[in-house]
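Engineer: The following file, start27.cif, comprises mmCIF, C-alpha atoms:
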```
data_data
#
loop_
_atom_site.label_atom_id
_atom_site.label_comp_id
_atom_site.auth_asym_id
_atom_site.auth_seq_id
_atom_site.Cartn_x
_atom_site.Cartn_y
_atom_site.Cartn_z
CA MET X 29 -76.45 -7.74 34.98
CA ALA X 30 -78.17 -9.99 37.50
CA LYS X 31 -77.32 -7.85 40.49
CA THR X 32 -77.71 -4.22 39.66
CA ARG X 33 -77.40 -1.81 42.53
CA ALA X 34 -79.43 1.32 43.04
CA LYS X 35 -76.39 3.48 42.40
CA ASP X 36 -75.88 2.07 38.91
CA VAL X 37 -79.54 2.25 38.02
CA TRP X 38 -79.77 6.01 38.01
CA ILE X 39 -76.63 6.58 35.95
CA MET X 40 -77.81 4.00 33.45
CA GLY X 41 -81.29 5.44 33.14
CA ILE X 42 -80.41 9.08 32.87
CA TRP X 43 -77.06 9.17 31.14
CA LYS X 44 -75.32 5.95 30.05
CA GLU X 45 -78.32 4.26 28.50
CA ASN X 46 -80.70 7.18 28.16
CA PRO X 47 -83.76 5.61 26.56
CA VAL X 48 -84.36 8.34 23.99
CA ILE X 49 -80.88 9.34 22.91
CA ILE X 50 -78.85 6.15 23.19
CA GLN X 51 -81.46 3.49 22.57
CA VAL X 52 -83.67 5.61 20.28
CA LEU X 53 -86.88 4.44 21.95
CA GLY X 54 -90.06 6.39 22.50
CA ILE X 55 -89.27 8.92 19.80
CA CYS X 56 -92.89 9.35 18.72
CA SER X 57 -94.05 11.16 21.79
CA ALA X 58 -90.69 12.86 22.27
CA LEU X 59 -91.38 14.65 19.01
CA ALA X 60 -95.10 15.17 19.28
CA VAL X 61 -95.56 16.79 22.67
CA THR X 62 -92.48 19.00 22.80
CA ASN X 63 -93.89 22.18 21.28
CA ARG X 64 -94.63 23.53 24.78
CA MET X 65 -92.79 22.93 28.01
CA ASP X 66 -95.88 22.33 30.14
CA ASN X 67 -97.11 19.61 27.76
CA ALA X 68 -93.70 17.98 27.79
CA LEU X 69 -93.54 18.07 31.57
CA ILE X 70 -96.99 16.53 32.03
CA MET X 71 -96.20 13.84 29.50
CA GLY X 72 -92.90 13.14 31.23
CA VAL X 73 -94.48 12.85 34.68
CA GLY X 74 -97.16 10.56 33.25
CA LEU X 75 -94.51 8.36 31.71
CA ILE X 76 -92.47 8.21 34.92
CA PHE X 77 -95.57 7.08 36.79
CA VAL X 78 -96.53 4.44 34.23
CA THR X 79 -93.00 3.08 33.78
CA ALA X 80 -92.30 2.85 37.50
CA PHE X 81 -95.54 1.14 38.47
CA SER X 82 -95.61 -1.13 35.42
CA GLU X 83 -92.09 -2.31 36.20
CA LEU X 84 -93.05 -2.82 39.84
CA THR X 85 -96.09 -4.90 38.89
CA VAL X 86 -94.29 -6.90 36.23
CA SER X 87 -91.50 -7.62 38.67
CA LEU X 88 -93.93 -8.70 41.40
CA LEU X 89 -95.66 -11.06 38.99
CA ARG X 90 -92.54 -12.31 37.27
CA MET X 91 -92.54 -15.69 39.04
CA HIS X 92 -96.19 -16.31 38.22
CA THR X 93 -96.30 -15.23 34.58
CA PRO X 94 -96.01 -18.03 32.02
CA LYS X 95 -93.16 -17.23 29.62
CA HIS X 96 -95.06 -17.34 26.34
CA ILE X 97 -97.83 -14.91 27.31
CA ARG X 98 -95.65 -12.44 29.18
CA MET X 99 -95.83 -9.80 26.43
CA MET X 100 -99.60 -9.76 26.60
CA VAL X 101 -99.53 -9.55 30.40
CA GLN X 102 -97.10 -6.63 30.20
CA VAL X 103 -99.27 -4.77 27.70
CA LEU X 104 -102.32 -5.22 29.90
CA ILE X 105 -100.49 -3.98 32.99
CA ILE X 106 -99.22 -0.94 31.11
CA SER X 107 -102.67 -0.18 29.66
CA ALA X 108 -104.20 -0.25 33.12
CA PHE X 109 -101.77 2.38 34.40
CA VAL X 110 -102.20 4.50 31.28
CA ILE X 111 -105.94 4.52 31.86
CA ILE X 112 -105.30 5.83 35.38
CA VAL X 113 -103.15 8.65 33.97
CA ASP X 114 -105.73 9.44 31.30
CA ILE X 115 -108.62 9.65 33.74
CA TYR X 116 -106.56 11.73 36.16
CA LEU X 117 -105.60 14.21 33.43
CA LYS X 118 -109.18 14.46 32.20
CA ALA X 119 -110.42 15.22 35.69
CA TYR X 120 -107.74 17.61 36.98
CA LEU X 121 -105.99 19.02 33.91
CA PRO X 122 -108.61 19.06 31.14
CA ASN X 123 -106.67 21.55 28.99
CA ALA X 124 -103.52 19.47 29.04
CA SER X 125 -105.54 16.36 28.34
CA LYS X 126 -106.96 18.01 25.23
CA ALA X 127 -103.59 19.30 24.08
CA LEU X 128 -101.94 15.91 24.45
CA GLY X 129 -104.83 14.19 22.68
CA PRO X 130 -104.12 10.63 21.62
CA TYR X 131 -100.53 10.78 22.81
CA VAL X 132 -101.54 9.92 26.37
CA GLY X 133 -103.02 6.67 25.11
CA LEU X 134 -99.95 6.10 23.02
CA ILE X 135 -97.86 5.74 26.17
CA ILE X 136 -98.98 2.10 25.91
CA THR X 137 -96.99 1.55 22.74
CA ASN X 138 -94.07 3.63 23.96
CA CYS X 139 -91.23 1.18 23.47
CA ILE X 140 -89.39 2.45 26.57
CA ILE X 141 -91.88 0.87 28.94
CA MET X 142 -92.14 -2.46 27.12
CA GLY X 143 -88.38 -2.51 26.74
CA ARG X 144 -87.67 -1.87 30.42
CA CYS X 145 -90.30 -4.41 31.54
CA GLU X 146 -88.83 -7.05 29.27
CA VAL X 147 -85.15 -6.33 29.86
CA PHE X 148 -85.11 -5.27 33.49
CA ALA X 149 -88.26 -6.02 35.46
CA GLN X 150 -88.47 -9.65 34.29
CA LYS X 151 -85.11 -10.37 35.89
CA ASN X 152 -84.91 -8.12 38.94
CA LYS X 153 -86.52 -7.62 42.33
CA PRO X 154 -89.53 -5.28 42.67
CA ALA X 155 -87.87 -2.41 44.54
CA ILE X 156 -84.97 -2.03 42.13
CA SER X 157 -87.32 -2.37 39.14
CA PHE X 158 -89.42 0.46 40.52
CA LEU X 159 -86.31 2.64 40.79
CA ASP X 160 -85.24 1.67 37.30
CA GLY X 161 -88.63 2.76 36.01
CA ILE X 162 -88.37 6.11 37.77
CA PHE X 163 -84.90 6.88 36.46
CA ASN X 164 -85.62 5.80 32.92
CA GLY X 165 -88.68 7.98 33.04
CA ILE X 166 -86.59 10.89 34.29
CA GLY X 167 -84.07 10.30 31.52
CA TYR X 168 -86.89 10.51 29.00
CA THR X 169 -88.40 13.58 30.66
CA LEU X 170 -85.07 15.42 30.65
CA VAL X 171 -84.66 14.97 26.91
CA LEU X 172 -88.23 16.09 26.37
CA MET X 173 -87.67 19.18 28.49
CA VAL X 174 -84.51 20.16 26.62
CA VAL X 175 -86.20 19.81 23.24
CA ALA X 176 -89.35 21.58 24.46
CA PHE X 177 -87.31 24.41 26.01
CA ALA X 178 -85.64 25.21 22.70
CA ARG X 179 -88.79 24.78 20.64
CA GLU X 180 -90.97 26.91 22.88
CA LEU X 181 -88.34 29.61 23.29
CA LEU X 182 -87.77 29.95 19.56
CA GLY X 183 -91.27 29.14 18.39
CA PHE X 184 -93.35 31.18 20.80
CA GLY X 185 -90.72 33.34 22.52
CA THR X 186 -91.93 32.04 25.87
CA PHE X 187 -90.74 29.91 28.80
CA PHE X 188 -93.53 27.85 30.41
CA GLY X 189 -95.95 30.29 28.82
CA ILE X 190 -94.19 33.41 30.18
CA PRO X 191 -92.90 35.73 27.45
CA VAL X 192 -89.15 36.16 27.84
CA MET X 193 -87.82 37.22 24.47
CA GLY X 194 -88.96 40.85 24.58
CA GLU X 195 -91.02 42.97 22.23
CA GLY X 196 -89.07 42.75 19.01
CA TRP X 197 -88.93 38.95 18.93
CA MET X 198 -90.12 37.28 15.74
CA ASN X 199 -91.46 33.77 16.34
CA TRP X 200 -89.73 30.99 14.43
CA VAL X 201 -92.89 29.27 13.25
CA ILE X 202 -90.89 26.35 11.87
CA MET X 203 -89.92 25.34 15.40
CA ILE X 204 -93.48 24.57 16.43
CA MET X 205 -94.23 22.76 13.16
CA PRO X 206 -93.28 19.07 12.76
CA PRO X 207 -89.95 19.66 10.95
CA GLY X 208 -88.71 21.76 13.86
CA ALA X 209 -89.22 18.79 16.17
CA PHE X 210 -87.14 16.53 13.97
CA PHE X 211 -84.31 19.04 13.64
CA MET X 212 -84.25 19.89 17.33
CA LEU X 213 -84.16 16.28 18.50
CA ALA X 214 -81.44 15.54 15.95
CA LEU X 215 -79.38 18.42 17.35
CA VAL X 216 -79.81 17.15 20.91
CA VAL X 217 -78.79 13.63 19.86
CA TRP X 218 -75.78 15.06 18.05
CA GLY X 219 -74.71 17.17 21.00
CA VAL X 220 -74.99 14.36 23.52
CA ASN X 221 -73.20 11.86 21.31
CA THR X 222 -70.31 14.24 20.74
CA LEU X 223 -70.09 14.97 24.44
CA ARG X 224 -70.03 11.28 25.31
CA GLU X 225 -67.36 10.57 22.78
CA LYS X 226 -65.14 13.32 24.16
CA ARG X 227 -65.63 12.04 27.69
CA GLU X 228 -64.81 8.49 26.65
CA ILE X 229 -61.63 9.61 24.97
CA SER X 230 -60.55 11.61 28.01
CA GLU X 231 -61.41 8.67 30.29
CA ARG X 232 -59.29 6.38 28.19
CA ALA X 233 -56.46 8.88 28.23
CA GLY X 234 -56.73 9.04 32.02
CA GLU X 235 -56.49 5.26 32.24
CA VAL X 236 -53.39 5.23 30.12
CA LYS X 237 -51.75 7.86 32.31
CA ALA X 238 -52.63 5.93 35.46
CA ARG X 239 -50.73 2.97 34.16
CA MET M 80 -117.77 15.72 13.76
CA ASN M 81 -117.87 16.48 10.07
CA GLY M 82 -119.18 15.34 6.74
CA LEU M 83 -115.71 15.23 5.27
CA ASN M 84 -115.66 13.33 1.99
CA PRO M 85 -113.90 9.96 2.47
CA PHE M 86 -111.80 10.54 -0.65
CA VAL M 87 -110.63 13.88 0.66
CA LEU M 88 -109.83 12.23 3.96
CA PHE M 89 -107.90 9.52 2.15
CA ALA M 90 -105.76 12.05 0.29
CA ALA M 91 -105.33 14.16 3.40
CA SER M 92 -104.09 11.26 5.48
CA ILE M 93 -101.44 10.54 2.87
CA PHE M 94 -100.21 14.05 2.21
CA THR M 95 -101.20 16.71 4.70
CA SER M 96 -101.45 14.71 7.90
CA ASN M 97 -99.05 11.93 7.13
CA MET M 98 -98.72 9.59 10.08
CA ILE M 99 -94.96 9.92 10.34
CA LEU M 100 -94.24 13.37 9.03
CA ALA M 101 -97.05 15.29 10.72
CA ASN M 102 -98.11 13.11 13.66
CA PHE M 103 -94.82 11.36 14.50
CA LEU M 104 -96.43 7.95 14.79
CA GLY M 105 -94.61 4.71 14.09
CA MET M 106 -91.19 6.29 14.45
CA CYS M 107 -89.52 3.35 16.20
CA SER M 108 -89.82 0.88 13.35
CA PHE M 109 -89.48 3.76 10.91
CA ILE M 110 -85.96 4.43 12.13
CA ALA M 111 -84.98 0.84 12.81
CA VAL M 112 -86.24 -0.93 9.69
CA SER M 113 -85.66 1.61 6.93
CA LYS M 114 -82.38 0.05 5.81
CA ASP M 115 -83.34 -1.09 2.33
CA ILE M 116 -86.25 -0.44 0.03
CA LYS M 117 -87.53 -3.99 -0.27
CA THR M 118 -87.80 -4.59 3.46
CA SER M 119 -89.45 -1.21 3.98
CA LEU M 120 -92.00 -1.98 1.30
CA GLY M 121 -92.80 -5.30 2.97
CA LEU M 122 -93.28 -3.67 6.34
CA GLY M 123 -95.33 -0.89 4.77
CA GLN M 124 -97.68 -3.38 3.14
CA ALA M 125 -98.15 -5.26 6.39
CA VAL M 126 -98.83 -2.01 8.26
CA THR M 127 -101.35 -0.83 5.64
CA PHE M 128 -103.18 -4.15 5.74
CA VAL M 129 -103.38 -4.36 9.53
CA LEU M 130 -104.17 -0.66 9.87
CA THR M 131 -107.17 -0.80 7.55
CA PHE M 132 -108.74 -3.78 9.25
CA THR M 133 -108.00 -2.90 12.86
CA THR M 134 -109.47 0.56 12.33
CA VAL M 135 -112.73 -1.03 11.20
CA ILE M 136 -112.73 -3.59 14.02
CA ASN M 137 -111.98 -0.95 16.62
CA TYR M 138 -114.64 1.34 15.19
CA LEU M 139 -117.27 -1.38 15.51
CA LEU M 140 -116.08 -2.35 18.99
CA TYR M 141 -116.08 1.24 20.18
CA ARG M 142 -119.43 2.27 18.69
CA HIS M 143 -121.41 -0.90 19.36
CA VAL M 144 -119.87 -2.32 22.50
CA LEU M 145 -118.08 0.33 24.53
CA VAL M 146 -120.33 3.35 23.99
CA PRO M 147 -123.64 1.57 24.74
CA MET M 148 -122.13 0.13 27.91
CA ASN M 149 -120.58 3.44 29.01
CA LEU M 150 -117.13 1.89 29.06
CA GLU M 151 -115.31 4.40 26.85
CA TYR M 152 -112.45 4.63 29.30
CA LEU M 153 -111.57 1.00 28.62
CA ARG M 154 -110.80 1.77 25.00
CA TYR M 155 -107.02 1.60 25.38
CA ILE M 156 -107.13 -1.95 26.68
CA VAL M 157 -109.78 -3.05 24.20
CA PHE M 158 -107.98 -1.50 21.23
CA ILE M 159 -104.60 -2.94 22.06
CA ILE M 160 -106.06 -6.40 22.65
CA SER M 161 -108.01 -6.34 19.40
CA ILE M 162 -104.89 -5.23 17.52
CA ALA M 163 -102.77 -7.95 19.09
CA ALA M 164 -105.44 -10.58 18.48
CA PHE M 165 -105.93 -9.50 14.87
CA VAL M 166 -102.21 -9.60 14.17
CA GLN M 167 -101.95 -13.06 15.72
CA LEU M 168 -104.93 -14.30 13.71
CA VAL M 169 -103.61 -12.93 10.44
CA GLU M 170 -100.27 -14.52 11.13
CA MET M 171 -101.83 -17.94 11.66
CA ILE M 172 -104.10 -17.74 8.60
CA VAL M 173 -101.36 -16.45 6.34
CA GLU M 174 -98.92 -19.08 7.54
CA ARG M 175 -101.32 -21.91 6.83
CA HIS M 176 -102.97 -20.83 3.59
CA LEU M 177 -100.81 -18.26 1.84
CA PRO M 178 -97.19 -19.32 2.11
CA ILE M 179 -96.05 -16.78 -0.49
CA LEU M 180 -97.55 -13.89 1.41
CA HIS M 181 -96.16 -15.30 4.62
CA HIS M 182 -92.73 -15.29 3.09
CA ALA M 183 -93.12 -11.61 2.26
CA LEU M 184 -94.82 -10.32 5.40
CA GLY M 185 -94.10 -13.03 7.97
CA ILE M 186 -91.29 -11.46 9.95
CA PHE M 187 -92.97 -8.06 10.07
CA LEU M 188 -96.30 -9.07 11.50
CA PRO M 189 -95.22 -9.56 15.14
CA LEU M 190 -93.51 -6.16 15.06
CA ILE M 191 -96.74 -4.45 14.17
CA THR M 192 -98.53 -4.92 17.49
CA VAL M 193 -96.25 -2.38 19.10
CA ASN M 194 -96.25 0.03 16.18
CA CYS M 195 -97.77 3.18 17.59
CA ALA M 196 -99.25 4.17 14.23
CA ILE M 197 -101.82 1.37 14.52
CA LEU M 198 -103.07 2.35 17.95
CA GLY M 199 -102.70 6.03 17.06
CA VAL M 200 -105.02 5.82 14.08
CA SER M 201 -107.68 4.11 16.19
CA LEU M 202 -107.39 6.80 18.83
CA PHE M 203 -107.53 9.63 16.28
CA MET M 204 -110.63 8.00 14.83
CA VAL M 205 -112.33 8.14 18.21
CA ILE M 206 -111.24 11.69 19.00
CA ARG M 207 -112.25 13.09 15.61
CA LYS M 208 -115.53 11.13 15.62
CA TYR M 209 -115.25 9.63 12.15
CA SER M 210 -118.03 7.55 10.60
CA LEU M 211 -117.39 3.98 9.47
CA ILE M 212 -116.58 4.87 5.86
CA GLN M 213 -114.41 7.78 6.94
CA SER M 214 -112.55 5.46 9.30
CA VAL M 215 -111.83 3.01 6.50
CA ALA M 216 -110.54 5.81 4.28
CA PHE M 217 -108.49 7.25 7.13
CA GLY M 218 -106.99 3.90 8.12
CA PHE M 219 -106.11 2.90 4.57
CA GLY M 220 -104.77 6.34 3.70
CA SER M 221 -102.62 6.47 6.80
CA GLY M 222 -101.15 3.10 5.91
CA VAL M 223 -100.34 4.22 2.36
CA GLY M 224 -98.81 7.43 3.66
CA TRP M 225 -96.71 5.52 6.18
CA THR M 226 -95.49 3.14 3.47
CA MET M 227 -94.60 6.01 1.20
CA ALA M 228 -92.60 7.78 3.87
CA ILE M 229 -90.64 4.69 4.94
CA VAL M 230 -89.85 3.67 1.35
CA ALA M 231 -88.70 7.19 0.55
CA LEU M 232 -86.50 7.24 3.64
CA ALA M 233 -85.00 3.85 2.77
CA GLY M 234 -84.09 5.20 -0.66
CA LEU M 235 -82.46 8.26 0.85
CA LYS M 236 -80.57 6.21 3.40
CA LYS M 237 -78.98 4.13 0.67
CA ARG M 238 -77.33 7.25 -0.68
CA LEU M 239 -76.21 8.11 2.81
CA ASN M 240 -73.94 5.08 2.97
CA GLU M 241 -71.60 6.73 0.51
CA SER M 242 -71.58 10.17 2.04
CA ARG M 243 -69.60 11.52 4.95
CA VAL M 244 -71.72 12.17 8.00
CA PRO M 245 -70.33 13.87 11.12
CA LYS M 246 -69.51 11.21 13.69
CA GLY M 247 -71.99 12.18 16.37
CA LEU M 248 -74.83 12.41 13.88
CA LYS M 249 -74.48 8.88 12.52
CA GLY M 250 -77.46 6.59 12.93
CA ALA M 251 -80.47 8.15 14.58
CA GLY M 252 -79.33 11.77 14.27
CA ILE M 253 -78.99 11.94 10.52
CA THR M 254 -82.19 9.93 10.07
CA LEU M 255 -84.06 12.50 12.11
CA ILE M 256 -82.66 15.34 10.04
CA ILE M 257 -83.61 13.65 6.77
CA THR M 258 -87.08 13.00 8.12
CA GLY M 259 -87.28 16.64 9.12
CA LEU M 260 -86.43 17.69 5.57
CA MET M 261 -89.08 15.32 4.23
CA ALA M 262 -91.59 16.80 6.66
CA LEU M 263 -90.62 20.24 5.41
CA GLY M 264 -91.36 19.11 1.86
CA PHE M 265 -94.69 17.64 2.85
CA MET M 266 -95.66 20.88 4.52
CA GLY M 267 -95.95 22.20 1.00
CA PHE M 268 -99.10 20.12 0.62
CA SER M 269 -100.72 21.57 3.70
CA GLY M 270 -102.74 24.14 1.81
CA MET M 271 -104.64 21.43 -0.08
CA VAL M 272 -106.87 20.04 2.66
CA GLN M 273 -107.16 20.62 6.36
CA ILE M 274 -108.34 17.89 8.66
CA SER M 275 -108.28 17.85 12.46
#
```
As structure tokens, what does this structure read like?

Structural biologist:
Amino acid sequence: MAKTRAKDVWIMGIWKENPVIIQVLGICSALAVTNRMDNALIMGVGLIFVTAFSELTVSLLRMHTPKHIRMMVQVLIISAFVIIVDIYLKAYLPNASKALGPYVGLIITNCIIMGRCEVFAQKNKPAISFLDGIFNGIGYTLVLMVVAFARELLGFGTFFGIPVMGEGWMNWVIMIMPPGAFFMLALVVWGVNTLREKREISERAGEVKAR
Amino acid sequence: MNGLNPFVLFAASIFTSNMILANFLGMCSFIAVSKDIKTSLGLGQAVTFVLTFTTVINYLLYRHVLVPMNLEYLRYIVFIISIAAFVQLVEMIVERHLPILHHALGIFLPLITVNCAILGVSLFMVIRKYSLIQSVAFGFGSGVGWTMAIVALAGLKKRLNESRVPKGLKGAGITLIITGLMALGFMGFSGMVQIS
């Protein structure tokens, strides 16, 4: 995987190796912030920013970082970018900052970022690492948005805060409580896995025919 | 924020606001490590131990160093460094002086630095403005609650080996559903105490 091209990076990040669904990383925040779509979107954008710039920085410094302290260096780089996100949210989006609470800070321990820095940015050039960060972040955000869409629609009867389900709609309170998050994410994982399996089978069948 | 009794806080952090089942913290190792009961118990003990002490250390650092110097915004960096340093220190001490304990906890300690429950508890402590004693109760209780949840899940997963799970749900999917059911059960406690 020494020479990964930009074209491969985006398929890997969003679909083939989606950080949440395939690698089961970063589940904590995927569950915690998905009760409303706006929260999920802000969290996703924050994560894209942090992942992309952390990977860029790690990649720029990769020749100068001693091997045995690289984890510590990575954590410090990530923390610095998380602080930027936190201060920005506090200043411009105080409501969202309050709603997300400690989960903004917990981006630091989000395994996606550490994982990508360690696996990808340590071995690749800065530009491609930056792209990898962006697409992994988008992959994460997409999953968050799907889960948040279903939870907000069923739990509050709204879409981005706009009521869409009509007058007679009864809110499914369970969807905004913790168990709803677990069930919803499990359903998404199930759906995607089944879809992938079907596609793989049909791809294999296509190969056989081509022979 | 409040004069909540530390004992109440302790019970609440185990049952009503369990780290995993209500706050979704520490999920990564929760899903990855919960294969058998013994390993889960080992990890749970290590987490409880580190959690209790890092909460105290971070409390002191925050109250007596960061707040007087108006550097609250540096708390993420300071907390994560103090957690990493504490874990490293414990590992060295345990390795040298307590070989039995090292045998039991050794492999889990390095994993703990990136366990979001540890950082999460410190951040909750700051946001909810707990006092020192409350922080100790909260940290210890969260650790116990985390241990309980992961041991329970490990027990359930053992049964799962013999049952037929739909193909796409295997692995992470079914674990999430089980955890969801556990969370549903724990919601039954929610009338007891309310924190946060």

Engineer: Which value, in Å to one decimal, gives the distance between CA of Ala90 in chain M and CA of Ser108 in chain M?

Structural biologist: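 Between CA of Ala90 in chain M and CA of Ser108 in chain M the gap is 23.4 Å.
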
Engineer: Please determine, counting only C-alpha atoms, which residue among M:Gly264, M:Gly218, M:Gly270, M:Gly123 has the shortest atom-to-atom distance to chain X.

Structural biologist: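 Closest to chain X, using only C-alpha atoms: M:Gly264.
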
Engineer: My list of candidates is X:Ala176, X:Leu128, X:Val86, X:Met71. Which is closest to chain M when distances are computed with all atoms listed in the file?

Structural biologist: X:Leu128

Engineer: Compile the residues of chain X that lie within 8 Å of chain M, evaluated using only C-alpha atoms, and express the compilation as a ChimeraX atom specification.

Structural biologist: /X:52-57,59-60,103-104,107-108,111,115,129-131,133-134,137-139,206-211,213-215,217-219,221-222

Engineer: Written as an MDAnalysis selection string, what is the full residue list that the PyMOL selection byres ((chain X and resi 70) around 12) yields on the file shown?

Structural biologist: chainID X and resid 57 61:62 64:69 71:77 113:114 116:117 120:125 127:128 131:132 165 169 172:173 176 188
